[in-house]
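Chemist: What follows is run_33.cif; its format and atoms are mmCIF, C-alpha atoms.
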data_model
loop_
_atom_site.label_atom_id
_atom_site.label_comp_id
_atom_site.auth_asym_id
_atom_site.auth_seq_id
_atom_site.Cartn_x
_atom_site.Cartn_y
_atom_site.Cartn_z
CA MET A 17 -5.90 20.52 -1.36
CA TRP A 18 -6.47 22.14 -4.74
CA GLN A 19 -7.21 18.65 -6.09
CA PHE A 20 -9.89 18.18 -3.43
CA TYR A 21 -11.46 21.50 -4.35
CA LEU A 22 -11.55 20.61 -8.04
CA ASP A 23 -13.00 17.16 -7.36
CA VAL A 24 -15.75 18.59 -5.17
CA THR A 25 -16.51 21.58 -7.36
CA LYS A 26 -16.92 19.57 -10.58
CA PHE A 27 -19.99 17.97 -8.98
CA GLY A 28 -21.12 21.34 -7.60
CA LEU A 29 -20.87 22.95 -11.02
CA GLY A 30 -22.89 20.10 -12.50
CA PHE A 31 -25.55 20.92 -9.91
CA TYR A 32 -25.31 24.60 -10.93
CA VAL A 33 -25.87 23.81 -14.61
CA LEU A 34 -28.87 21.61 -13.77
CA SER A 35 -30.33 24.26 -11.48
CA LEU A 36 -30.29 26.73 -14.41
CA ILE A 37 -33.18 24.69 -15.84
CA ILE A 38 -35.52 25.78 -13.07
CA LEU A 39 -33.86 28.89 -11.60
CA SER A 40 -32.75 32.22 -13.02
CA PRO A 41 -28.95 32.53 -13.55
CA PHE A 42 -28.71 34.80 -10.50
CA TYR A 43 -30.48 32.42 -8.14
CA ALA A 44 -28.80 29.37 -9.67
CA ALA A 45 -25.41 30.98 -8.85
CA LEU A 46 -26.55 31.84 -5.33
CA THR A 47 -27.80 28.28 -4.81
CA PHE A 48 -24.44 26.97 -6.08
CA GLY A 49 -22.56 29.22 -3.68
CA VAL A 50 -24.53 28.15 -0.64
CA PHE A 51 -25.36 24.50 -1.40
CA GLY A 52 -23.01 23.54 -4.26
CA THR A 53 -20.21 22.38 -1.97
CA PHE A 54 -22.54 20.02 -0.11
CA ILE A 55 -23.81 18.56 -3.38
CA GLY A 56 -20.16 18.28 -4.45
CA LEU A 57 -19.36 16.43 -1.23
CA ILE A 58 -22.07 13.87 -1.97
CA GLY A 59 -20.40 13.25 -5.34
CA PHE A 60 -16.92 13.16 -3.78
CA ASN A 61 -18.05 10.71 -1.10
CA GLN A 62 -19.59 8.53 -3.79
CA PHE A 63 -16.60 8.40 -6.16
CA HIS A 64 -13.49 9.52 -4.25
CA LYS A 65 -14.19 8.73 -0.59
CA ASN A 66 -10.92 6.85 -0.01
CA GLU A 67 -8.96 9.89 -1.22
CA TYR A 68 -9.69 11.67 2.06
CA TYR A 69 -6.75 9.68 3.41
CA THR A 70 -4.39 11.48 1.05
CA TYR A 71 -5.40 14.77 2.63
CA TYR A 72 -5.45 13.38 6.17
CA ASN A 73 -1.86 12.23 5.77
CA LEU A 74 -0.96 15.74 4.64
CA GLY A 75 -2.52 17.22 7.78
CA TYR A 76 -5.84 18.44 6.36
CA THR A 77 -8.85 17.52 8.45
CA LYS A 78 -12.22 16.97 6.78
CA LYS A 79 -13.54 20.08 8.54
CA ARG A 80 -10.75 22.20 7.05
CA LEU A 81 -11.19 20.73 3.56
CA VAL A 82 -14.94 21.26 3.54
CA SER A 83 -14.91 24.75 5.03
CA THR A 84 -12.21 25.93 2.60
CA ALA A 85 -14.10 24.49 -0.41
CA TRP A 86 -17.30 26.15 0.82
CA ILE A 87 -15.64 29.56 1.19
CA PHE A 88 -14.07 29.26 -2.30
CA ASN A 89 -17.43 28.36 -3.82
CA LEU A 90 -19.14 31.19 -1.99
CA LEU A 91 -16.58 33.56 -3.53
CA LEU A 92 -16.96 31.90 -6.94
CA CYS A 93 -20.72 32.41 -6.86
CA LEU A 94 -20.27 36.22 -6.73
CA PRO A 95 -18.97 36.59 -10.33
CA LEU A 96 -21.49 33.97 -11.43
CA MET A 97 -24.28 36.05 -9.83
CA GLY A 98 -22.93 39.17 -11.55
CA LEU A 99 -22.85 37.35 -14.87
CA GLY A 100 -26.38 36.11 -14.24
CA THR A 101 -27.57 39.66 -13.58
CA LEU A 102 -25.91 40.89 -16.80
CA LEU A 103 -27.48 38.08 -18.82
CA ALA A 104 -30.90 38.91 -17.35
CA MET A 105 -30.43 42.58 -18.38
CA PHE A 106 -29.58 41.78 -21.99
CA PHE A 107 -31.84 38.78 -22.69
CA MET B 11 13.49 9.77 20.38
CA ALA B 12 9.70 10.13 20.27
CA VAL B 13 7.34 7.95 22.31
CA LEU B 14 3.71 7.11 21.61
CA GLN B 15 1.69 5.79 24.52
CA LEU B 16 -1.80 4.40 24.19
CA ASN B 17 -3.68 3.57 27.37
CA ASN B 18 -6.96 1.70 27.74
CA ALA B 19 -8.40 2.33 24.28
CA SER B 20 -11.82 0.73 23.94
CA LYS B 21 -14.35 0.56 21.15
CA THR B 22 -17.76 -0.99 20.91
CA PHE B 23 -20.05 -1.22 17.89
CA GLY B 24 -23.56 -1.59 19.30
CA GLN B 25 -23.33 -4.39 21.84
CA LYS B 26 -20.14 -5.83 20.39
CA LYS B 27 -16.85 -5.01 22.08
CA ILE B 28 -14.24 -4.68 19.34
CA LEU B 29 -11.39 -3.39 21.49
CA GLU B 30 -11.12 -3.57 25.26
CA ASN B 31 -8.54 -1.66 27.26
CA ILE B 32 -5.83 -1.75 24.62
CA SER B 33 -2.54 -0.32 25.87
CA PHE B 34 0.94 -0.24 24.42
CA GLU B 35 3.95 1.96 23.94
CA LEU B 36 5.88 2.56 20.74
CA LYS B 37 9.19 4.37 20.36
CA THR B 38 10.90 5.66 17.28
CA GLY B 39 13.46 3.08 16.19
CA GLU B 40 11.18 0.10 16.53
CA ILE B 41 8.61 -1.82 14.54
CA LEU B 42 5.62 -3.22 16.39
CA GLY B 43 3.96 -6.10 14.54
CA VAL B 44 0.27 -6.56 15.25
CA PHE B 45 -1.34 -9.88 14.39
CA GLY B 46 -4.99 -10.81 14.44
CA ARG B 47 -7.60 -12.61 12.43
CA ASN B 48 -10.04 -10.83 10.14
CA GLY B 49 -12.42 -8.69 12.17
CA SER B 50 -10.25 -8.83 15.28
CA GLY B 51 -10.00 -5.04 15.42
CA LYS B 52 -6.54 -4.32 13.96
CA SER B 53 -7.77 -1.76 11.43
CA THR B 54 -10.17 -0.31 14.00
CA LEU B 55 -7.23 0.26 16.32
CA LEU B 56 -5.23 2.01 13.59
CA LYS B 57 -8.18 4.22 12.64
CA ILE B 58 -8.64 5.19 16.28
CA LEU B 59 -4.98 6.11 16.56
CA PHE B 60 -5.21 8.15 13.35
CA GLY B 61 -8.34 9.89 14.58
CA THR B 62 -10.69 8.86 11.78
CA LEU B 63 -12.70 6.62 14.09
CA LYS B 64 -13.91 7.75 17.48
CA SER B 65 -13.16 5.42 20.37
CA ASP B 66 -15.25 5.06 23.50
CA VAL B 67 -12.17 5.81 25.58
CA LEU B 68 -8.87 7.19 24.33
CA ASP B 69 -5.80 8.17 26.28
CA LEU B 70 -3.13 8.87 23.67
CA LYS B 71 0.11 10.63 24.49
CA ILE B 72 2.98 11.47 22.19
CA ASP B 73 6.12 12.60 23.98
CA GLY B 74 4.01 13.03 27.09
CA LYS B 75 1.50 15.36 25.46
CA SER B 76 -2.12 14.20 25.32
CA PHE B 77 -3.95 14.21 22.01
CA ARG B 78 -7.67 13.95 21.36
CA GLY B 79 -8.68 11.90 18.33
CA SER B 80 -9.71 15.01 16.44
CA GLU B 81 -6.23 16.57 16.88
CA ILE B 82 -4.07 13.80 15.51
CA ILE B 83 -4.36 14.60 11.80
CA LYS B 84 -3.63 18.31 12.06
CA HIS B 85 -0.57 17.77 14.25
CA GLN B 86 0.87 15.33 11.69
CA LYS B 87 2.41 13.03 14.26
CA ILE B 88 1.14 9.81 12.70
CA GLY B 89 1.14 8.73 9.06
CA TYR B 90 -1.30 6.04 8.00
CA LEU B 91 -1.33 3.61 5.12
CA PRO B 92 -4.88 2.26 5.08
CA GLN B 93 -5.83 -1.11 3.59
CA PHE B 94 -7.45 0.48 0.57
CA SER B 95 -6.03 2.60 -2.23
CA PHE B 96 -6.36 6.30 -1.45
CA LEU B 97 -4.52 8.30 -4.12
CA PRO B 98 -6.41 10.52 -6.60
CA SER B 99 -6.96 8.01 -9.39
CA SER B 100 -6.96 10.50 -12.27
CA ASN B 101 -3.47 11.82 -11.41
CA ARG B 102 -0.22 10.53 -12.85
CA VAL B 103 2.52 9.42 -10.48
CA TRP B 104 4.63 12.52 -11.27
CA ASP B 105 1.64 14.72 -10.34
CA VAL B 106 1.04 13.02 -7.01
CA VAL B 107 4.61 13.09 -5.66
CA PRO B 108 4.86 16.93 -5.46
CA LYS B 109 1.54 17.01 -3.64
CA PHE B 110 3.11 15.00 -0.84
CA PHE B 111 6.49 16.73 -0.74
CA GLU B 112 7.29 20.40 -1.18
CA ASP B 113 11.00 19.69 -0.82
CA GLY B 114 12.50 19.12 -4.27
CA ASN B 115 15.21 16.79 -2.92
CA LEU B 116 12.58 14.59 -1.36
CA GLN B 117 10.57 14.57 -4.58
CA ASP B 118 13.72 13.50 -6.44
CA ARG B 119 14.48 10.79 -3.93
CA VAL B 120 11.01 9.27 -4.32
CA MET B 121 10.94 9.67 -8.10
CA ARG B 122 14.40 8.07 -8.46
CA ASP B 123 13.39 4.98 -6.55
CA PRO B 124 13.62 2.20 -9.18
CA GLY B 125 10.13 0.98 -8.34
CA ILE B 126 8.65 4.45 -8.82
CA ASN B 127 10.81 5.72 -11.68
CA ARG B 128 9.52 3.15 -14.16
CA ILE B 129 5.87 4.07 -13.45
CA SER B 130 6.37 7.84 -13.14
CA GLY B 131 4.21 8.75 -16.15
CA THR B 132 1.44 6.28 -15.43
CA ARG B 133 -1.99 7.25 -14.15
CA ILE B 134 -2.76 5.96 -10.64
CA SER B 135 -5.84 4.19 -12.03
CA GLU B 136 -3.65 2.26 -14.49
CA LEU B 137 -1.15 0.95 -11.92
CA SER B 138 -1.29 -2.66 -10.80
CA GLN B 139 -2.38 -3.17 -7.20
CA GLY B 140 1.19 -4.00 -6.20
CA GLU B 141 2.64 -0.92 -7.92
CA ARG B 142 0.02 1.30 -6.31
CA ARG B 143 0.69 -0.19 -2.89
CA TYR B 144 4.42 0.37 -3.24
CA LEU B 145 3.88 3.98 -4.35
CA GLU B 146 1.51 4.66 -1.45
CA LEU B 147 4.03 3.24 0.99
CA GLN B 148 6.81 5.41 -0.43
CA LEU B 149 4.62 8.52 -0.19
CA VAL B 150 3.36 7.98 3.34
CA GLY B 151 6.66 6.59 4.58
CA ASN B 152 8.67 9.60 3.42
CA LEU B 153 6.41 12.10 5.18
CA ALA B 154 7.93 13.66 8.28
CA HIS B 155 5.59 12.07 10.83
CA PRO B 156 7.50 10.38 13.66
CA PHE B 157 5.05 7.46 13.71
CA LEU B 158 3.73 5.37 10.88
CA MET B 159 0.91 2.82 10.81
CA LEU B 160 0.87 0.35 7.96
CA ASP B 161 -2.25 -1.72 7.33
CA GLU B 162 -1.38 -4.54 4.94
CA PRO B 163 1.59 -2.99 3.11
CA PHE B 164 2.55 -6.36 1.61
CA SER B 165 -0.89 -7.06 0.20
CA MET B 166 -0.83 -7.91 -3.54
CA VAL B 167 2.83 -6.91 -3.78
CA GLU B 168 5.14 -9.09 -5.90
CA PRO B 169 8.12 -10.79 -4.18
CA LEU B 170 10.73 -8.39 -5.57
CA TYR B 171 8.81 -5.42 -4.19
CA ILE B 172 8.50 -7.15 -0.82
CA GLU B 173 12.28 -7.12 -0.58
CA HIS B 174 12.23 -3.40 -1.42
CA ILE B 175 9.56 -2.81 1.22
CA ASN B 176 11.52 -4.67 3.88
CA ARG B 177 14.61 -2.61 3.17
CA PHE B 178 12.55 0.59 3.11
CA LEU B 179 10.91 -0.20 6.45
CA LEU B 180 14.26 -0.92 8.08
CA GLN B 181 15.52 2.40 6.75
CA LEU B 182 12.39 4.21 8.03
CA LYS B 183 12.76 2.57 11.42
CA GLU B 184 15.87 4.63 12.07
CA THR B 185 13.72 7.74 12.47
CA LYS B 186 10.18 6.46 13.01
CA GLY B 187 8.14 4.16 15.19
CA ILE B 188 6.13 1.81 13.00
CA ILE B 189 3.02 -0.25 13.65
CA LEU B 190 2.76 -2.98 11.06
CA THR B 191 -0.12 -5.35 10.43
CA ASP B 192 -0.56 -7.75 7.54
CA HIS B 193 -1.85 -11.25 6.88
CA TYR B 194 1.52 -12.03 5.25
CA TYR B 195 2.52 -12.78 8.81
CA ARG B 196 5.97 -14.16 8.02
CA ASN B 197 7.01 -10.77 6.64
CA VAL B 198 5.62 -9.06 9.72
CA TRP B 199 7.30 -11.56 12.02
CA ASN B 200 10.70 -11.21 10.39
CA ILE B 201 10.84 -7.44 10.44
CA SER B 202 9.12 -6.63 13.76
CA ASP B 203 11.07 -5.89 16.93
CA ARG B 204 8.07 -6.61 19.14
CA LYS B 205 4.86 -8.49 18.43
CA LYS B 206 1.31 -8.17 19.70
CA LEU B 207 -1.85 -10.05 18.87
CA ILE B 208 -5.45 -8.91 19.13
CA LYS B 209 -8.01 -11.55 19.97
CA GLU B 210 -11.58 -11.04 21.15
CA GLY B 211 -10.88 -7.36 21.71
CA LYS B 212 -7.83 -7.80 23.90
CA MET B 213 -4.19 -7.30 23.06
CA TYR B 214 -1.61 -9.90 24.00
CA THR B 215 2.17 -9.93 23.81
CA VAL B 216 3.60 -12.51 21.44
CA GLU B 217 7.08 -13.76 22.30
CA THR B 218 7.45 -16.90 20.22
CA LYS B 219 6.06 -18.28 16.99
CA GLU B 220 4.30 -20.93 19.03
CA ASN B 221 2.29 -18.18 20.71
CA LEU B 222 0.67 -17.45 17.35
CA GLN B 223 -0.52 -21.05 17.26
CA GLU B 224 -1.67 -20.98 20.87
CA PHE B 225 -3.79 -17.91 20.15
CA GLY B 226 -5.32 -19.71 17.17
CA TYR B 227 -3.94 -17.26 14.61
CA ILE B 228 -2.12 -19.94 12.59
CA ARG B 229 -2.10 -23.72 12.47
CA SER B 230 1.63 -24.06 11.99
CA PHE B 231 4.62 -21.84 11.40
CA ASP B 232 6.96 -23.27 8.74
#
Once more with this new file: its structure as structure tokens, please.
Modeler:
Amino acid sequence: MWQFYLDVTKFGLGFYVLSLIILSPFYAALTFGVFGTFIGLIGFNQFHKNEYYTYYNLGYTKKRLVSTAWIFNLLLCLPLMGLGTLLAMFF
Amino acid sequence: MAVLQLNNASKTFGQKKILENISFELKTGEILGVFGRNGSGKSTLLKILFGTLKSDVLDLKIDGKSFRGSEIIKHQKIGYLPQFSFLPSSNRVWDVVPKFFEDGNLQDRVMRDPGINRISGTRISELSQGERRYLELQLVGNLAHPFLMLDEPFSMVEPLYIEHINRFLLQLKETKGIILTDHYYRNVWNISDRKKLIKEGKMYTVETKENLQEFGYIRSFD
């Protein structure tokens, strides 16, 4: 399941870096937390779609995979938002 | 002994009936061979049983307990080897095996298999199609599910591996019920305890090799 999270989040983080071009670090992190997983899923479905069957055989439903990745990314966005706030204070 | 019962499964895509009132029973300790031409609905049937494709009607019972399609994966009653490769391609073989098995003894058993041992350090993306297929079969087959569905396990596999696969399936049969489908129909015929054929959405029992001809699946059986 960790592998699924990494594969999804690498696309989500790419989205986060791109969003920094138009958004402040704080809002880019918030956008990543809320929407990053769904962007990541688009990337996963494009390049790793067949790999769902690895997780299905191990008992993980798509709903469980996606909801867990979304919660992790929501938690990950909190330190990113904090970092963004700090950066905004100093620069 | 576990028993899987499927009653009256049906599936339509638009106006086209792919499967119509498909029913069968499978017990652990037996291999059910399913024949059918391309597009006959074999893979559709397996996906319905695995719960990754919704059927119009599904009455699936395992040991008398009913399962909805959405419940099959989480209860881990059925393992599924799909037609396509499904392992994380960036991983090496020795990274993938522990993801499937927490039990160290089971990991060792899979890694010590001669067909796996020699590719243990290779990335999944660098394996030949036959090597990958054999690995996938070992991984799914060694999971604890009482039922196993194999969609083209012999595809692109070299003859020596086919012998390994046959032995492995016979070993698995002792504890699992297996549904096997493949266009290498001789392999399926030889190893199956019972045979079915899907044609025009309906499932028929196949008793003799001549039946395969009568249903138009093959021209002749050498």
Chemist: Any chance you could resolve the PyMOL selection byres ((chain B) within 8 of (chain A)) against this file and give the residues as a PyMOL selection string?
Modeler: chain B and resi 83-86+88-90+92+94-98+110+150
Chemist: Under the PyMOL selection byres ((chain B and resi 18-27) around 7), which residues of this model are included? Write them out as a list in words.
Modeler: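 Checked against the file, the PyMOL selection byres ((chain B and resi 18-27) around 7) matches Leu16, Asn17, Ile28, Leu29, Glu30, Asn31, Ile32, Ser33, Ser65, Asp66, Val67, Leu68, Asp69 and Gly211 of chain B.
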Chemist: Restricted to C-alpha atoms, what would the selected residues look like written as an mmCIF file, in the frame of the given file?
Modeler:
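That gives us out_29.cif:
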data_model
loop_
_atom_site.group_PDB
_atom_site.id
_atom_site.type_symbol
_atom_site.label_atom_id
_atom_site.label_comp_id
_atom_site.auth_asym_id
_atom_site.auth_seq_id
_atom_site.Cartn_x
_atom_site.Cartn_y
_atom_site.Cartn_z
ATOM 1 C CA LEU B 16 -1.800 4.400 24.190
ATOM 2 C CA ASN B 17 -3.680 3.570 27.370
ATOM 3 C CA ILE B 28 -14.240 -4.680 19.340
ATOM 4 C CA LEU B 29 -11.390 -3.390 21.490
ATOM 5 C CA GLU B 30 -11.120 -3.570 25.260
ATOM 6 C CA ASN B 31 -8.540 -1.660 27.260
ATOM 7 C CA ILE B 32 -5.830 -1.750 24.620
ATOM 8 C CA SER B 33 -2.540 -0.320 25.870
ATOM 9 C CA SER B 65 -13.160 5.420 20.370
ATOM 10 C CA ASP B 66 -15.250 5.060 23.500
ATOM 11 C CA VAL B 67 -12.170 5.810 25.580
ATOM 12 C CA LEU B 68 -8.870 7.190 24.330
ATOM 13 C CA ASP B 69 -5.800 8.170 26.280
ATOM 14 C CA GLY B 211 -10.880 -7.360 21.710
#
Chemist: Please, what distance in Å, to one decimal, runs between atom CA of A:Ala104 and atom CA of A:Leu34?
Modeler: 17.8 Å
Chemist: Which residue out of B:Leu149, B:Ile189, B:Val44, B:Met159 has the minimum interatomic distance to B:Lys212 when all atoms listed in the file are used?
Modeler: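 So, comparing all the options, the nearest one is B:Val44.
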Chemist: Of the residues A:Val33, A:Lys79, A:Gly49, A:Leu91, which is the one nearest to B:Ser80, using all atoms listed in the file?
Modeler: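 Checking each of A:Val33, A:Lys79, A:Gly49, A:Leu91 against B:Ser80, counting all atoms listed in the file, the winner is A:Lys79.
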Chemist: Please determine, counting all atoms listed in the file, which residue among A:Ser35, A:Thr53, A:Ser83, A:Ser40 has the shortest atom-to-atom distance to A:Gly100.
Modeler: A:Ser40
Chemist: Starting from the shown file, work through the PyMOL selection byres ((chain B and resi 73) around 8) and note down what comes out as a list in words.
Modeler: Ala12, Val13, Leu14, Lys71, Ile72, Gly74 and Lys75 of chain B
Chemist: Got a sec: who's within 12 Å of A:Ile87, counting all atoms listed in the file, leaving out chain neighbours fewer than 6 positions off, as a list in words?
Modeler: Tyr21, Thr25, Phe48, Gly49, Val50, Phe51, Gly52, Thr53, Phe54, Arg80, Leu81, Cys93 and Leu94 of chain A
Chemist: Could you jot down the atom CA of B:Lys64 to atom CA of A:Asn61 separation for me, Å, one decimal place?
Modeler: 19.3 Å
Chemist: Expressed in Å to a single decimal, how great is the separation between atom CA of B:Ser165 and atom CA of B:Tyr144?
Modeler: 9.8 Å
Chemist: How big is the axis-aligned box around all listed atoms of stretch 61-64 of chain B once 8 Å goes on each side, and where's its centre, in Å to one decimal, as lines of an AutoDock Vina configuration file?
Modeler:
center_x = -11.1
center_y = 8.3
center_z = 14.6
size_x = 21.6
size_y = 19.3
size_z = 21.7
Chemist: Between B:Leu222, B:Val216, B:Val198, B:Leu137, which has the minimum distance to B:Asp161 (counting all atoms listed in the file)?
Modeler: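 Among the listed residues, B:Val198 lies closest to B:Asp161.
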